$ cat upload.cif   # mmCIF, C-alpha atoms
data_data
#
loop_
_atom_site.label_atom_id
_atom_site.label_comp_id
_atom_site.auth_asym_id
_atom_site.auth_seq_id
_atom_site.Cartn_x
_atom_site.Cartn_y
_atom_site.Cartn_z
CA MET A 3 -135.57 2.11 16.62
CA SER A 4 -138.97 2.59 18.25
CA ASP A 5 -140.94 -0.10 20.04
CA THR A 6 -144.37 -0.32 18.45
CA VAL A 7 -147.12 -1.74 20.67
CA SER A 8 -150.07 -2.84 18.54
CA ASP A 9 -152.23 -4.41 21.25
CA THR A 10 -152.87 -3.14 24.74
CA PRO A 11 -149.63 -3.74 26.70
CA THR A 12 -149.49 -4.95 30.28
CA LEU A 13 -149.07 -2.35 32.99
CA HIS A 14 -145.60 -3.77 33.61
CA GLU A 15 -144.72 -2.98 29.99
CA VAL A 16 -146.19 0.50 30.31
CA GLY A 17 -144.13 1.10 33.44
CA ASP A 18 -140.99 -0.02 31.62
CA LEU A 19 -141.74 2.16 28.59
CA SER A 20 -142.50 5.12 30.88
CA ALA A 21 -139.12 4.77 32.57
CA ARG A 22 -137.40 4.67 29.18
CA ILE A 23 -139.35 7.71 27.96
CA LEU A 24 -138.36 9.69 31.05
CA SER A 25 -134.73 8.62 30.72
CA ALA A 26 -134.77 9.75 27.08
CA VAL A 27 -136.26 13.15 27.94
CA GLU A 28 -133.73 13.59 30.75
CA LYS A 29 -130.95 13.47 28.17
CA ALA A 30 -132.12 16.98 27.28
CA VAL A 31 -133.90 18.24 30.41
CA VAL A 32 -131.65 18.07 33.47
CA GLY A 33 -132.71 17.65 37.10
CA LYS A 34 -136.49 17.88 36.65
CA ARG A 35 -137.53 14.25 37.20
CA GLU A 36 -140.56 14.97 39.40
CA SER A 37 -141.95 17.58 37.02
CA LEU A 38 -141.33 15.34 34.01
CA GLU A 39 -143.13 12.46 35.74
CA LEU A 40 -146.16 14.70 36.23
CA VAL A 41 -146.14 15.83 32.59
CA LEU A 42 -145.94 12.22 31.40
CA ALA A 43 -148.71 11.23 33.82
CA GLY A 44 -150.89 13.96 32.37
CA LEU A 45 -150.24 12.77 28.82
CA LEU A 46 -150.81 9.10 29.69
CA SER A 47 -154.11 10.15 31.27
CA GLY A 48 -155.20 11.60 27.94
CA GLY A 49 -155.11 15.20 29.12
CA HIS A 50 -153.49 18.53 28.35
CA VAL A 51 -150.79 20.12 30.47
CA LEU A 52 -150.13 23.76 31.36
CA MET A 53 -146.49 24.46 32.17
CA GLU A 54 -146.31 27.74 34.06
CA ASP A 55 -142.90 29.05 35.04
CA PHE A 56 -140.30 31.73 34.41
CA PRO A 57 -138.60 31.94 30.99
CA GLY A 58 -135.61 29.75 30.28
CA LEU A 59 -136.42 26.85 32.61
CA GLY A 60 -136.85 24.15 29.97
CA LYS A 61 -140.58 24.17 29.21
CA THR A 62 -140.21 24.32 25.45
CA LEU A 63 -137.32 21.87 25.51
CA ALA A 64 -139.37 19.43 27.59
CA ALA A 65 -142.30 19.57 25.14
CA ARG A 66 -140.08 18.96 22.12
CA SER A 67 -138.21 16.16 23.92
CA PHE A 68 -141.44 14.36 24.87
CA ALA A 69 -142.57 14.52 21.23
CA GLN A 70 -139.28 12.98 20.10
CA ALA A 71 -139.29 10.24 22.74
CA LEU A 72 -142.94 9.38 22.07
CA GLY A 73 -142.37 9.31 18.31
CA ILE A 74 -145.33 11.60 17.58
CA ASP A 75 -145.79 14.63 15.34
CA PHE A 76 -144.90 17.95 16.93
CA ALA A 77 -145.92 21.51 16.11
CA ARG A 78 -145.27 24.79 17.87
CA ALA A 79 -147.50 27.85 17.85
CA GLN A 80 -146.08 31.08 19.26
CA PHE A 81 -149.01 32.94 20.79
CA THR A 82 -148.94 36.69 20.20
CA PRO A 83 -151.52 39.48 20.59
CA ASP A 84 -152.19 39.51 16.84
CA LEU A 85 -152.61 35.73 16.46
CA LEU A 86 -155.92 34.88 14.81
CA PRO A 87 -157.99 31.71 15.32
CA SER A 88 -157.35 30.80 11.67
CA ASP A 89 -153.60 30.90 12.37
CA LEU A 90 -154.20 27.86 14.59
CA THR A 91 -157.04 26.04 12.89
CA GLY A 92 -156.21 26.77 9.26
CA ALA A 93 -158.47 28.39 6.70
CA PHE A 94 -160.16 27.93 3.36
CA ILE A 95 -157.96 29.29 0.58
CA TYR A 96 -159.07 29.94 -2.96
CA ASP A 97 -157.17 27.70 -5.39
CA GLN A 98 -156.91 29.52 -8.72
CA ARG A 99 -156.06 26.32 -10.58
CA SER A 100 -159.16 24.40 -9.48
CA HIS A 101 -161.30 27.52 -8.94
CA GLU A 102 -162.39 26.09 -5.60
CA PHE A 103 -161.82 26.85 -1.96
CA VAL A 104 -159.55 24.27 -0.34
CA PHE A 105 -158.81 23.89 3.33
CA ARG A 106 -155.24 24.54 4.41
CA ARG A 107 -154.57 22.96 7.78
CA GLY A 108 -153.08 24.91 10.65
CA PRO A 109 -150.72 23.74 13.42
CA LEU A 110 -153.61 22.26 15.42
CA PHE A 111 -153.52 19.28 13.06
CA THR A 112 -150.72 17.56 14.90
CA GLN A 113 -150.29 15.05 17.72
CA LEU A 114 -148.45 17.21 20.25
CA LEU A 115 -148.88 20.98 20.08
CA LEU A 116 -146.72 23.37 22.03
CA ALA A 117 -148.87 26.44 22.69
CA ASP A 118 -146.11 28.84 23.68
CA GLU A 119 -147.12 31.72 25.98
CA ILE A 120 -150.82 30.98 25.73
CA ASN A 121 -151.68 34.00 27.88
CA ARG A 122 -150.32 36.42 25.25
CA THR A 123 -153.13 35.90 22.74
CA PRO A 124 -156.70 37.28 22.86
CA PRO A 125 -159.59 35.22 24.24
CA LYS A 126 -161.06 34.51 20.79
CA THR A 127 -157.88 32.70 19.73
CA GLN A 128 -157.64 30.96 23.11
CA ALA A 129 -161.20 29.73 22.56
CA ALA A 130 -160.25 28.13 19.23
CA LEU A 131 -157.52 26.18 20.99
CA LEU A 132 -159.78 25.20 23.87
CA GLU A 133 -162.44 23.81 21.51
CA ALA A 134 -159.80 21.50 20.07
CA MET A 135 -158.64 20.52 23.57
CA GLN A 136 -162.09 19.78 24.91
CA GLU A 137 -163.95 18.45 21.88
CA GLY A 138 -161.11 16.96 19.83
CA GLN A 139 -162.34 18.92 16.84
CA ILE A 140 -162.22 22.36 15.25
CA THR A 141 -164.87 24.32 13.38
CA VAL A 142 -164.01 26.58 10.44
CA GLU A 143 -166.75 28.45 8.57
CA GLY A 144 -169.35 26.01 9.81
CA GLU A 145 -167.41 22.89 8.80
CA THR A 146 -166.15 20.55 11.51
CA PHE A 147 -162.83 18.74 11.33
CA HIS A 148 -162.06 15.95 13.79
CA LEU A 149 -158.57 15.63 15.22
CA GLU A 150 -157.03 12.17 15.28
CA ARG A 151 -155.63 10.60 18.43
CA PRO A 152 -153.29 11.18 20.03
CA PHE A 153 -153.83 14.93 20.34
CA HIS A 154 -152.32 16.76 23.28
CA VAL A 155 -151.53 20.35 24.10
CA LEU A 156 -148.57 21.38 26.20
CA ALA A 157 -149.14 25.07 26.88
CA THR A 158 -146.67 27.44 28.51
CA ALA A 159 -147.42 30.58 30.47
CA ASN A 160 -145.16 33.16 32.04
CA PRO A 161 -146.19 34.00 35.64
CA VAL A 162 -144.57 37.47 35.35
CA GLU A 163 -144.83 40.31 32.82
CA TYR A 164 -148.60 40.56 32.97
CA GLU A 165 -148.72 43.75 30.88
CA GLY A 166 -150.20 43.01 27.48
CA THR A 167 -151.35 39.52 28.42
CA TYR A 168 -154.76 37.86 28.52
CA PRO A 169 -154.82 35.61 31.59
CA LEU A 170 -156.85 32.46 31.18
CA PRO A 171 -160.12 32.67 33.12
CA GLU A 172 -160.83 29.99 35.70
CA ALA A 173 -163.23 28.12 33.42
CA GLN A 174 -160.52 27.79 30.77
CA LEU A 175 -157.80 26.88 33.26
CA ASP A 176 -160.08 24.06 34.37
CA ARG A 177 -159.71 22.49 30.91
CA PHE A 178 -156.07 21.67 31.61
CA LEU A 179 -155.78 18.35 33.39
CA ILE A 180 -152.74 19.50 35.36
CA ARG A 181 -150.49 22.52 35.79
CA VAL A 182 -146.78 21.91 36.33
CA SER A 183 -143.88 24.16 37.32
CA PHE A 184 -140.24 23.30 36.73
CA GLY A 185 -138.46 25.74 39.05
CA TYR A 186 -134.86 26.88 39.01
CA PRO A 187 -132.22 24.14 38.94
CA GLY A 188 -129.72 23.56 41.74
CA ALA A 189 -126.10 24.54 41.21
CA ALA A 190 -125.04 20.99 40.32
CA ASP A 191 -127.85 20.57 37.79
CA GLU A 192 -127.16 23.96 36.24
CA TRP A 193 -123.50 23.08 35.78
CA GLU A 194 -124.59 19.78 34.19
CA VAL A 195 -126.59 21.82 31.63
CA LEU A 196 -123.45 23.79 30.82
CA ARG A 197 -121.25 20.70 30.69
CA ARG A 198 -123.56 18.91 28.28
CA ARG A 199 -123.63 21.98 26.04
CA ILE A 200 -119.83 22.02 25.96
CA ASP A 201 -119.68 18.31 25.10
CA ARG A 202 -122.45 18.60 22.49
CA ARG A 203 -120.71 21.41 20.57
CA GLN A 204 -123.99 22.54 19.09
CA GLU A 205 -127.23 24.09 20.30
CA ALA A 206 -129.66 21.50 18.91
CA GLN A 207 -130.56 18.53 21.07
CA THR A 208 -132.21 15.25 20.15
CA VAL A 209 -133.45 12.42 22.34
CA PRO A 210 -133.96 8.73 21.49
CA VAL A 211 -137.29 7.53 20.11
CA VAL A 212 -138.88 5.05 22.53
CA THR A 213 -142.32 4.37 21.02
CA ASP A 214 -144.64 5.76 18.35
CA ALA A 215 -148.16 7.18 18.11
CA GLU A 216 -149.81 3.76 18.00
CA GLY A 217 -147.75 2.53 20.94
CA PHE A 218 -148.48 5.67 22.94
CA VAL A 219 -152.24 5.29 22.47
CA ALA A 220 -151.90 1.64 23.54
CA MET A 221 -150.13 2.80 26.71
CA GLN A 222 -153.06 5.13 27.42
CA ARG A 223 -155.50 2.22 27.01
CA ALA A 224 -153.51 0.17 29.49
CA VAL A 225 -153.59 2.94 32.10
CA GLU A 226 -157.40 2.69 32.02
CA THR A 227 -157.06 -0.76 33.66
CA VAL A 228 -155.25 0.49 36.79
CA THR A 229 -157.03 -0.52 40.00
CA VAL A 230 -158.58 2.30 42.03
CA ASP A 231 -159.94 1.19 45.38
CA GLU A 232 -163.22 2.82 46.43
CA SER A 233 -161.54 4.32 49.51
CA VAL A 234 -158.99 6.07 47.27
CA GLY A 235 -161.70 7.32 44.93
CA ARG A 236 -163.68 8.72 47.82
CA TYR A 237 -160.48 10.33 49.11
CA CYS A 238 -160.23 12.22 45.82
CA VAL A 239 -163.81 13.37 46.26
CA ARG A 240 -163.20 14.54 49.83
CA LEU A 241 -160.12 16.53 48.82
CA ALA A 242 -161.99 18.35 46.06
CA ALA A 243 -165.01 18.93 48.29
CA ALA A 244 -162.81 20.37 51.06
CA THR A 245 -161.67 23.16 48.74
CA ARG A 246 -165.28 24.25 48.18
CA SER A 247 -165.84 25.04 51.85
CA HIS A 248 -162.39 26.49 52.61
CA ALA A 249 -162.61 29.97 54.13
CA SER A 250 -159.71 31.32 52.07
CA LEU A 251 -161.21 30.45 48.71
CA VAL A 252 -163.76 32.22 46.55
CA MET A 253 -164.13 29.13 44.40
CA GLY A 254 -163.12 25.55 45.03
CA ALA A 255 -162.43 22.68 42.65
CA SER A 256 -165.29 21.37 40.52
CA PRO A 257 -165.96 17.64 40.08
CA ARG A 258 -163.47 17.91 37.22
CA GLY A 259 -160.88 18.40 39.97
CA SER A 260 -161.64 15.12 41.73
CA LEU A 261 -161.71 13.39 38.33
CA ALA A 262 -158.28 14.85 37.52
CA LEU A 263 -156.92 13.57 40.84
CA MET A 264 -158.09 10.07 40.03
CA LEU A 265 -156.99 10.05 36.38
CA VAL A 266 -153.50 11.44 36.94
CA SER A 267 -152.84 9.34 40.04
CA ARG A 268 -153.54 6.19 37.98
CA ALA A 269 -150.84 7.07 35.46
CA TYR A 270 -148.52 8.25 38.22
CA ALA A 271 -148.89 4.88 39.97
CA VAL A 272 -147.83 3.05 36.80
CA ILE A 273 -144.84 5.34 36.36
CA ARG A 274 -143.88 4.52 39.95
CA GLY A 275 -144.17 0.77 39.32
CA ARG A 276 -147.63 -0.17 40.60
CA ASP A 277 -150.85 -1.37 39.03
CA TYR A 278 -153.03 0.20 41.75
CA VAL A 279 -153.39 3.68 43.22
CA THR A 280 -152.42 4.59 46.77
CA PRO A 281 -153.35 7.74 48.73
CA GLU A 282 -149.70 8.77 48.39
CA ASP A 283 -150.11 8.81 44.61
CA VAL A 284 -153.10 11.13 45.02
CA LYS A 285 -151.09 13.43 47.29
CA ALA A 286 -148.18 13.46 44.85
CA VAL A 287 -150.37 14.82 42.03
CA ALA A 288 -152.72 16.96 44.15
CA HIS A 289 -150.98 20.30 43.63
CA ALA A 290 -150.68 19.74 39.88
CA ALA A 291 -154.35 18.76 39.64
CA LEU A 292 -155.94 21.25 42.05
CA ASP A 293 -153.86 24.43 42.44
CA HIS A 294 -155.10 25.98 39.18
CA ARG A 295 -158.69 25.00 39.93
CA VAL A 296 -159.12 27.07 43.10
CA THR A 297 -159.38 30.85 43.49
CA VAL A 298 -158.04 32.59 46.60
CA ARG A 299 -159.95 35.53 48.06
CA PRO A 300 -158.27 38.65 46.63
CA GLU A 301 -157.99 40.41 50.00
CA LEU A 302 -155.75 37.62 51.32
CA TRP A 303 -152.80 38.34 49.02
CA ILE A 304 -151.28 40.56 51.71
CA ASN A 305 -151.10 37.51 54.00
CA ASP A 306 -149.26 35.48 51.34
CA VAL A 307 -152.16 33.06 51.04
CA THR A 308 -151.80 31.15 47.75
CA ALA A 309 -153.61 28.32 46.02
CA GLU A 310 -150.64 26.09 46.81
CA SER A 311 -150.77 26.86 50.53
CA VAL A 312 -154.52 26.24 50.65
CA VAL A 313 -154.23 22.87 48.87
CA SER A 314 -151.45 21.96 51.32
CA GLN A 315 -153.82 22.75 54.20
CA VAL A 316 -156.50 20.59 52.62
CA LEU A 317 -154.06 17.70 52.21
CA SER A 318 -153.09 17.91 55.87
CA SER A 319 -156.65 18.24 57.17
CA VAL A 320 -158.50 15.59 55.13
CA PRO A 321 -157.98 12.14 56.72
CA THR A 322 -155.98 9.71 54.61
CA PRO A 323 -157.72 6.37 54.05
CA SER A 324 -156.14 3.39 55.75
CA PRO A 325 -154.37 0.89 53.49
CA THR A 326 -156.54 -1.83 52.02
CA GLU A 327 -155.39 -5.33 51.29
CA GLY A 328 -154.83 -4.40 47.66
CA GLU A 329 -152.68 -1.42 48.58
CA ARG A 330 -150.26 -3.61 50.53
CA ARG A 331 -149.04 -5.14 47.27
CA THR A 332 -145.70 -4.06 45.85
CA GLY A 333 -144.77 -3.83 42.22
CA PHE A 334 -146.80 -5.17 39.33
CA GLU A 335 -148.99 -8.20 39.45
CA GLY A 336 -149.25 -10.63 36.59
CA PRO A 337 -151.89 -10.15 33.92
#

$ encode --input "upload.cif" --output "structure tokens"
Amino acid sequence: MSDTVSDTPTLHEVGDLSARILSAVEKAVVGKRESLELVLAGLLSGGHVLMEDFPGLGKTLAARSFAQALGIDFARAQFTPDLLPSDLTGAFIYDQRSHEFVFRRGPLFTQLLLADEINRTPPKTQAALLEAMQEGQITVEGETFHLERPFHVLATANPVEYEGTYPLPEAQLDRFLIRVSFGYPGAADEWEVLRRRIDRRQEAQTVPVVTDAEGFVAMQRAVETVTVDESVGRYCVRLAAATRSHASLVMGASPRGSLALMLVSRAYAVIRGRDYVTPEDVKAVAHAALDHRVTVRPELWINDVTAESVVSQVLSSVPTPSPTEGERRTGFEGP
């Protein structure tokens, strides 16, 4: 049975629910705790998440499992080169019985959408998705339809097999709050995947329901109350600004990058059991928030310079703010 939270919960309650959500998802996704924490932090921050990794590493399973644990509606759209915008948004269909055009909703009218292999569909269809992500609405034949909260997109992209794909331009990548990779599992975790499949005796997996749509939105409201010291906020600004002057980059992170650092680190702090943000929280989410927002000079590929390596340099070069009195606290404070 789900736990419905009608009013804004305390941050302690959000931390407890977050732990239970992660534990539920881990019943299906094995050995990816850090990546799952980042995905949940992105969702709690009200954003959309791009999961970029090789096929078969649990991206689709993670999206479906989060939808089950959060108790929200789930839809999947398989992006292909012939996918039309109307295949996502829906379209007006002529009803012969009423002799009127009626709107038939597409998969965008959901609460959690898995946009599978988003880089395999043309830019016009990508743009239809990105309007929904950014504006919380879609436009069909001049008529606007508003999407109800919660609405989140978990998109997947394959970093190989570029032939026949339409890579997202930097401006569109910037719309994703974070980008997360899962990586290959260790030998012990991979055997655990096999063992669970043997014990399950079926392919389908289900995870426990922890909350519902109303409770999830209440959790998001609570995250807005997390304390962010000015020194930590300015640290986010300095990190983003440092990417703009880095010699290895053509383009650094926009102010949306520093905002993403602050937003995701708030949710990450709650997941880690605090009601305030520390510089370590910012560092923990920095790669997820910044790597996809910077562009490396193309001539540097031969030197193995990557966005990840540049962000690592920035993290090591920008001074970390000293702890404030508030940051010396441990655990949650009372309301």

$ resolve_selection --input "upload.cif" --expression "the PyMOL selection byres ((chain A and resi 50-65) around 6)" --output "PyMOL selection string"
chain A and resi 49+66-68+154-161+178-183

$ write_last_selection --input "upload.cif" --atoms "C-alpha atoms" --output "mmCIF file, in the coordinates of the input"
data_model
loop_
_atom_site.group_PDB
_atom_site.id
_atom_site.type_symbol
_atom_site.label_atom_id
_atom_site.label_comp_id
_atom_site.auth_asym_id
_atom_site.auth_seq_id
_atom_site.Cartn_x
_atom_site.Cartn_y
_atom_site.Cartn_z
ATOM 1 C CA GLY A 49 -155.110 15.200 29.120
ATOM 2 C CA ARG A 66 -140.080 18.960 22.120
ATOM 3 C CA SER A 67 -138.210 16.160 23.920
ATOM 4 C CA PHE A 68 -141.440 14.360 24.870
ATOM 5 C CA HIS A 154 -152.320 16.760 23.280
ATOM 6 C CA VAL A 155 -151.530 20.350 24.100
ATOM 7 C CA LEU A 156 -148.570 21.380 26.200
ATOM 8 C CA ALA A 157 -149.140 25.070 26.880
ATOM 9 C CA THR A 158 -146.670 27.440 28.510
ATOM 10 C CA ALA A 159 -147.420 30.580 30.470
ATOM 11 C CA ASN A 160 -145.160 33.160 32.040
ATOM 12 C CA PRO A 161 -146.190 34.000 35.640
ATOM 13 C CA PHE A 178 -156.070 21.670 31.610
ATOM 14 C CA LEU A 179 -155.780 18.350 33.390
ATOM 15 C CA ILE A 180 -152.740 19.500 35.360
ATOM 16 C CA ARG A 181 -150.490 22.520 35.790
ATOM 17 C CA VAL A 182 -146.780 21.910 36.330
ATOM 18 C CA SER A 183 -143.880 24.160 37.320
#

$ residues_around --input "upload.cif" --residues "Val239 in chain A" --least-positions-apart "3" --cutoff "8 Å" --atoms "only C-alpha atoms" --output "VMD selection string"
chain A and resid 235 to 236 242 to 243 257 260

$ residues_around --input "upload.cif" --residues "Leu72 in chain A" --least-positions-apart "5" --cutoff "8 Å" --atoms "only C-alpha atoms" --output "tab-separated table (two decimals) with C-alpha atoms, in the frame of the given file"
chain	number	residue	atom	x	y	z
A	23	ILE	CA	-139.35	7.71	27.96
A	211	VAL	CA	-137.29	7.53	20.11
A	212	VAL	CA	-138.88	5.05	22.53
A	213	THR	CA	-142.32	4.37	21.02
A	214	ASP	CA	-144.64	5.76	18.35
A	215	ALA	CA	-148.16	7.18	18.11
A	218	PHE	CA	-148.48	5.67	22.94

$ resolve_selection --input "upload.cif" --expression "the PyMOL selection byres ((chain A and resi 107) around 9)" --output "compact mmCIF listing (two decimals) with C-alpha atoms, in the frame of the given file"
# COMPACT_ATOMS: atom_id res chain seq x y z
CA LEU A 90 -154.20 27.86 14.59
CA THR A 91 -157.04 26.04 12.89
CA GLY A 92 -156.21 26.77 9.26
CA ALA A 93 -158.47 28.39 6.70
CA PHE A 94 -160.16 27.93 3.36
CA PHE A 105 -158.81 23.89 3.33
CA ARG A 106 -155.24 24.54 4.41
CA GLY A 108 -153.08 24.91 10.65
CA PRO A 109 -150.72 23.74 13.42
CA LEU A 110 -153.61 22.26 15.42
CA PHE A 111 -153.52 19.28 13.06

$ closest_residue --input "upload.cif" --among "A:Arg22, A:Arg276, A:Lys285, A:Arg197" --to "Leu263 in chain A" --atoms "only C-alpha atoms"
A:Lys285

$ closest_residue --input "upload.cif" --among "A:Met264, A:Arg258, A:Val284, A:His248" --to "Arg299 in chain A" --atoms "only C-alpha atoms"
A:His248

$ resolve_selection --input "upload.cif" --expression "the PyMOL selection byres ((chain A and resi 8-17) around 8)" --output "PyMOL selection string"
chain A and resi 6-7+18-21+216-217+220-221+223-225+228+272-275+277+334+337

$ closest_residue --input "upload.cif" --among "A:Ala117, A:Phe153, A:Ser47, A:Val313" --to "Ala244 in chain A" --atoms "all atoms listed in the file"
A:Val313

$ closest_residue --input "upload.cif" --among "A:Val32, A:Ala26, A:Ala79, A:Leu46" --to "Val219 in chain A" --atoms "all atoms listed in the file"
A:Leu46

$ atom_distance --input "upload.cif" --atom1 "CA of Leu38 in chain A" --atom2 "CA of His148 in chain A"
29.0 Å

$ axis_aligned_box --input "upload.cif" --around "range 197-210 of chain A" --padding-each-side "8 Å" --output "lines of an AutoDock Vina configuration file"
center_x = -126.8
center_y = 16.4
center_z = 24.8
size_x = 30.3
size_y = 31.4
size_z = 27.8

$ atom_distance --input "upload.cif" --atom1 "CA of Ser267 in chain A" --atom2 "CA of Gly44 in chain A"
9.2 Å

$ residues_around --input "upload.cif" --residues "range 169-175 of chain A" --least-positions-apart "5" --cutoff "7 Å" --atoms "only C-alpha atoms" --output "MDAnalysis selection string"
chainID A and resid 121 294:295

$ write_last_selection --input "upload.cif" --atoms "C-alpha atoms" --output "PDB file, keeping the file's coordinate frame"
ATOM      1  CA  ASN A 121    -151.680  34.000  27.880  1.00  0.00           C
ATOM      2  CA  HIS A 294    -155.100  25.980  39.180  1.00  0.00           C
ATOM      3  CA  ARG A 295    -158.690  25.000  39.930  1.00  0.00           C
TER       4      ARG A 295
END

$ atom_distance --input "upload.cif" --atom1 "CA of Asp283 in chain A" --atom2 "CA of Tyr270 in chain A"
6.6 Å

$ residues_around --input "upload.cif" --residues "Val195 in chain A" --least-positions-apart "5" --cutoff "9 Å" --atoms "only C-alpha atoms" --output "PDB file with C-alpha atoms, keeping the file's coordinate frame"
ATOM      1  CA  ALA A  30    -132.120  16.980  27.280  1.00  0.00           C
ATOM      2  CA  VAL A  31    -133.900  18.240  30.410  1.00  0.00           C
ATOM      3  CA  VAL A  32    -131.650  18.070  33.470  1.00  0.00           C
ATOM      4  CA  ALA A 190    -125.040  20.990  40.320  1.00  0.00           C
ATOM      5  CA  ILE A 200    -119.830  22.020  25.960  1.00  0.00           C
TER       6      ILE A 200
END

$ closest_residue --input "upload.cif" --among "A:Phe81, A:Phe147, A:Tyr96, A:Tyr237" --to "Asp118 in chain A" --atoms "only C-alpha atoms"
A:Phe81

$ closest_residue --input "upload.cif" --among "A:Val316, A:Val287, A:Ala206, A:Ala269" --to "Gly254 in chain A" --atoms "only C-alpha atoms"
A:Val316

$ residues_near_point --input "upload.cif" --point "(-160.6, 5.3, 52.1)" --cutoff "10 Å" --atoms "all atoms listed in the file" --output "PyMOL selection string"
chain A and resi 231-238+240+280-281+321-326
